[in-house]
Amino acid sequence: MNDRATPPSLENSAFFMPFSMNRHFKKAPRLLARAQGVHYYTPEGRKLIDGISGLWCVNAGHCRERIVSAVQKQVAELDFAPTFQMGHPLAFEFADKLASLAPADLKRIFFTNSGSESVDTALKLALAYHRARGEGHRVRLIGRERGYHGVNFGGTAVGGMVGNRKIFGALVAGVDHIRHTHDPEKNAFSRGQPRHGAELADDLERLCALHDPSTIAAVIVEPVACSGGVLVPPVGYLERLRAICDQHGILLIFDEVITGWGRLGKTFGTQHFNVIPDLITTAKGITNGTVPMGAVFMREQLYQAFMTGPEKAIEMPHGYTYSSHPLACAAGLATMQVYEEEGLFTRAAELWSYWEEQAHALKGLPNVIDIRNIGLIAAIELAPRAGAPGARALDAHIKAFERGAYIRVAADIIALAPPLIIAKSDIDQLFEIVREVLKTTD
Ligand code: PXG
């Protein structure tokens, strides 16, 4: 036997893979060993175009020299330092850098290590804020059907993807959901924001009537619901949500874990839609995916509500050992430099129409029932196979891998969101592979 020619079997591997079909995967693994720019390479050296920026996070492309060397330098200089009653300069420097990029007055930053932690942090901040102002009766948290807010208890509870919730018991008490905005009958093959559905925001009024608005602390939505299938908000919808929240004193949280960091052609999705929330949750692209990190941005008024009481009291009993980890701050600072120097915050706006044309050119291929796009995101929805939901898109995922593209599928929806540095010729290649795959997927 030639050992080098036969990769070791993973079938009995100890690794319990997250959000994966463990047994199916381990029988025929799809491994990534190296990455550069918009490409991954398999252990055998086969080149794959990265159609989803790792997992919606490597916005500046892979293994960027500036980020790599910043992390290398940092790990040799200060590997870890606490920020509970202590500090290190990079944490303050990075927070100030983020504040300078923040929309409106969302300039106070709480660091976490992931999107899930950012979400749970934002929910706790919302509850604590109301309590600090003498409105401790605002205890309810409202999410949206088909929303994804990570996997911690708070985020799972406000999330609206049934399969992610149903096996975990009662989750968090006092949570309710507004309706999702997906309406393919009226909006199929929309380009950018669909025209129909702003009135779906009024579903929040229904929950206000049911629970009484004085019991509601916050509403959390993704400006574009990405994991739930790339559900782009109808024209006027986010504005209406904002107005209803304002009317009832409810905080509005935008979960921008994906829509932040240039994905929609502005630094934040908030700026693209021109609707200002009270809190923004981020992660992923904050370090270009290099080192785990997340951050919650909050308005000045929220921060100031905590800065009362005795100075020798902890204002917010919350935080993680690795909040503002030195490696993450170094990676984040270098990432922001790359984004700014290369104009990546606005690159998706430049590519938008080209990307949109290429995506919608797939209309008419077998089983394609909808195509939607916004910024540098596209979704191609396939009709499910009878009795086997998800199987068709999974086949497409595997075929694309064999043909040289890494694409993401959720249920029967193919999601594409490549690194923002992508060239038009790479966009062509990505869609060409998807086209060939769809032509041959029954
Ligand atoms: N909020 C949003 C809006 C997200 O998209 C999270 C929170 C959680 O982030 P962490 O860092 O805890 O995973 C996410 C994560 C996919 C996919 O393909 C999306 C995410 C993660 C993995 C896969 O749709 N989003």
# chains A, B, ... in the order shown; residues from 1 in each chain; ligands from 1

call {"tool": "residues_near_ligand", "arguments": {"ligand": "ligand 1", "cutoff": "8 Å", "atoms": "only C-alpha atoms and all ligand atoms", "output": "PDB file with C-alpha atoms, in the first residue's frame"}}
result
ATOM      1  CA  ILE A  52     -19.124  31.926   0.348  1.00  0.00           C
ATOM      2  CA  LEU A  55     -18.591  31.001   6.046  1.00  0.00           C
ATOM      3  CA  TRP A  56     -19.509  34.568   5.103  1.00  0.00           C
ATOM      4  CA  ASN A 113     -15.721  36.125  20.378  1.00  0.00           C
ATOM      5  CA  SER A 114     -18.441  35.193  17.918  1.00  0.00           C
ATOM      6  CA  GLY A 115     -21.743  36.176  16.403  1.00  0.00           C
ATOM      7  CA  SER A 116     -23.615  33.984  18.868  1.00  0.00           C
ATOM      8  CA  GLU A 117     -21.967  35.737  21.782  1.00  0.00           C
ATOM      9  CA  SER A 118     -22.639  39.137  20.223  1.00  0.00           C
ATOM     10  CA  VAL A 119     -26.330  38.301  19.988  1.00  0.00           C
ATOM     11  CA  GLY A 147     -34.117  34.431  11.529  1.00  0.00           C
ATOM     12  CA  TYR A 148     -30.701  33.109  12.540  1.00  0.00           C
ATOM     13  CA  HIS A 149     -28.938  34.606  15.513  1.00  0.00           C
ATOM     14  CA  GLY A 150     -26.387  31.960  16.363  1.00  0.00           C
ATOM     15  CA  VAL A 151     -26.620  29.010  18.665  1.00  0.00           C
ATOM     16  CA  ASN A 152     -26.453  30.207  22.258  1.00  0.00           C
ATOM     17  CA  GLY A 155     -29.915  33.539  19.978  1.00  0.00           C
ATOM     18  CA  GLU A 222     -31.028  40.508  10.441  1.00  0.00           C
ATOM     19  CA  ALA A 225     -31.864  37.082   6.751  1.00  0.00           C
ATOM     20  CA  CYS A 226     -28.928  35.173   5.298  1.00  0.00           C
ATOM     21  CA  SER A 227     -28.823  31.708   6.861  1.00  0.00           C
ATOM     22  CA  GLY A 228     -32.592  31.441   6.553  1.00  0.00           C
ATOM     23  CA  GLY A 229     -32.208  31.563   2.784  1.00  0.00           C
ATOM     24  CA  ASP A 255     -27.840  41.484  13.627  1.00  0.00           C
ATOM     25  CA  GLU A 256     -25.155  42.424  11.112  1.00  0.00           C
ATOM     26  CA  VAL A 257     -22.913  39.422  11.611  1.00  0.00           C
ATOM     27  CA  ILE A 258     -23.117  38.888   7.847  1.00  0.00           C
ATOM     28  CA  THR A 259     -24.393  42.206   6.462  1.00  0.00           C
ATOM     29  CA  THR A 281     -24.203  42.799  16.475  1.00  0.00           C
ATOM     30  CA  THR A 282     -21.152  41.868  14.389  1.00  0.00           C
ATOM     31  CA  ALA A 283     -18.500  39.142  14.111  1.00  0.00           C
ATOM     32  CA  LYS A 284     -17.012  37.214  11.174  1.00  0.00           C
ATOM     33  CA  PRO A 292     -12.560  34.531  16.340  1.00  0.00           C
ATOM     34  CA  MET A 293     -14.086  37.817  17.438  1.00  0.00           C
ATOM     35  CA  GLY A 294     -17.377  39.642  17.682  1.00  0.00           C
ATOM     36  CA  ARG A 408     -23.079  26.851   0.587  1.00  0.00           C
ATOM     37  CA  VAL A 409     -26.493  25.272   0.644  1.00  0.00           C
ATOM     38  CA  ALA A 410     -29.268  25.478   3.218  1.00  0.00           C
ATOM     39  CA  ALA A 415     -26.171  30.860  -1.158  1.00  0.00           C
TER      40      ALA A 415
END

call {"tool": "residues_around", "arguments": {"residues": "segment 317-327 of chain A", "least_positions_apart": "5", "cutoff": "8 Å", "atoms": "only C-alpha atoms", "output": "list in words"}}
result
Val71, Gln74, Val75, Leu78, Asp79, Phe80, Ala81, Pro82, Thr83, Phe84, His88, Leu90, Ala91, Phe111, Thr112, Asn113, Thr121, Val291 and Met293 of chain A

call {"tool": "closest_residue", "arguments": {"among": "A:Leu302, A:Val296, A:Leu48, A:Ala60", "to": "Pro419 of chain A", "atoms": "only C-alpha atoms"}}
result
A:Ala60

call {"tool": "closest_atom_pairs", "arguments": {"of": "segment 76-187 of chain A", "to": "segment 270-280 of chain A", "cutoff": "9 Å", "atoms": "only C-alpha atoms", "output": "CSV"}}
result
residue,atom,partner,partner_atom,distance
A:Pro103,CA,A:Gln271,CA,6.7
A:Ala104,CA,A:Ile276,CA,7.2
A:Leu106,CA,A:Leu279,CA,7.0
A:Ser118,CA,A:Ile280,CA,8.8
A:Val119,CA,A:Ile280,CA,8.9
A:Ala122,CA,A:Leu279,CA,6.9
A:Ala126,CA,A:Leu279,CA,8.6

call {"tool": "atom_distance", "arguments": {"atom1": "atom CA of Trp355 of chain A", "atom2": "atom CA of Phe19 of chain A"}}
result
28.6 Å

call {"tool": "decode", "arguments": {"residues": "segment 129-185 of chain A", "atoms": "C-alpha atoms", "output": "mmCIF file, in the first residue's frame"}}
result
data_model
loop_
_atom_site.group_PDB
_atom_site.id
_atom_site.type_symbol
_atom_site.label_atom_id
_atom_site.label_comp_id
_atom_site.auth_asym_id
_atom_site.auth_seq_id
_atom_site.Cartn_x
_atom_site.Cartn_y
_atom_site.Cartn_z
ATOM 1 C CA TYR A 129 -30.615 48.986 29.828
ATOM 2 C CA HIS A 130 -34.334 49.036 30.486
ATOM 3 C CA ARG A 131 -33.799 47.963 34.068
ATOM 4 C CA ALA A 132 -31.194 50.671 34.611
ATOM 5 C CA ARG A 133 -33.791 53.209 33.505
ATOM 6 C CA GLY A 134 -36.458 51.880 35.836
ATOM 7 C CA GLU A 135 -38.268 49.897 33.138
ATOM 8 C CA GLY A 136 -37.377 46.445 34.381
ATOM 9 C CA HIS A 137 -40.824 45.291 33.302
ATOM 10 C CA ARG A 138 -39.584 45.222 29.712
ATOM 11 C CA VAL A 139 -38.526 41.596 29.646
ATOM 12 C CA ARG A 140 -39.791 40.245 26.337
ATOM 13 C CA LEU A 141 -37.519 39.691 23.348
ATOM 14 C CA ILE A 142 -38.922 39.524 19.841
ATOM 15 C CA GLY A 143 -37.252 37.749 16.933
ATOM 16 C CA ARG A 144 -38.524 36.804 13.504
ATOM 17 C CA GLU A 145 -39.468 33.569 11.795
ATOM 18 C CA ARG A 146 -36.569 32.196 9.687
ATOM 19 C CA GLY A 147 -34.117 34.431 11.529
ATOM 20 C CA TYR A 148 -30.701 33.109 12.540
ATOM 21 C CA HIS A 149 -28.938 34.606 15.513
ATOM 22 C CA GLY A 150 -26.387 31.960 16.363
ATOM 23 C CA VAL A 151 -26.620 29.010 18.665
ATOM 24 C CA ASN A 152 -26.453 30.207 22.258
ATOM 25 C CA PHE A 153 -29.654 30.056 24.277
ATOM 26 C CA GLY A 154 -30.721 33.645 23.667
ATOM 27 C CA GLY A 155 -29.915 33.539 19.978
ATOM 28 C CA THR A 156 -31.571 30.150 19.545
ATOM 29 C CA ALA A 157 -34.683 31.448 21.307
ATOM 30 C CA VAL A 158 -35.061 34.601 19.202
ATOM 31 C CA GLY A 159 -34.008 32.673 16.106
ATOM 32 C CA GLY A 160 -36.733 31.398 13.857
ATOM 33 C CA MET A 161 -35.312 28.349 12.123
ATOM 34 C CA VAL A 162 -37.444 25.498 13.379
ATOM 35 C CA GLY A 163 -34.833 22.783 12.974
ATOM 36 C CA ASN A 164 -32.388 24.735 15.123
ATOM 37 C CA ARG A 165 -34.905 25.175 17.949
ATOM 38 C CA LYS A 166 -37.191 22.222 18.261
ATOM 39 C CA ILE A 167 -34.871 19.809 20.080
ATOM 40 C CA PHE A 168 -33.688 22.230 22.766
ATOM 41 C CA GLY A 169 -36.655 22.459 25.057
ATOM 42 C CA ALA A 170 -38.330 25.677 26.106
ATOM 43 C CA LEU A 171 -35.268 27.870 25.471
ATOM 44 C CA VAL A 172 -35.695 31.381 26.946
ATOM 45 C CA ALA A 173 -38.988 32.488 28.443
ATOM 46 C CA GLY A 174 -40.816 35.540 27.151
ATOM 47 C CA VAL A 175 -39.725 35.307 23.518
ATOM 48 C CA ASP A 176 -42.056 35.748 20.562
ATOM 49 C CA HIS A 177 -41.616 36.129 16.796
ATOM 50 C CA ILE A 178 -42.905 38.306 14.016
ATOM 51 C CA ARG A 179 -43.578 36.798 10.599
ATOM 52 C CA HIS A 180 -40.814 36.392 8.053
ATOM 53 C CA THR A 181 -40.877 38.409 4.856
ATOM 54 C CA HIS A 182 -40.487 35.691 2.237
ATOM 55 C CA ASP A 183 -43.291 35.826 -0.334
ATOM 56 C CA PRO A 184 -42.193 34.080 -3.543
ATOM 57 C CA GLU A 185 -45.671 34.303 -5.043
#
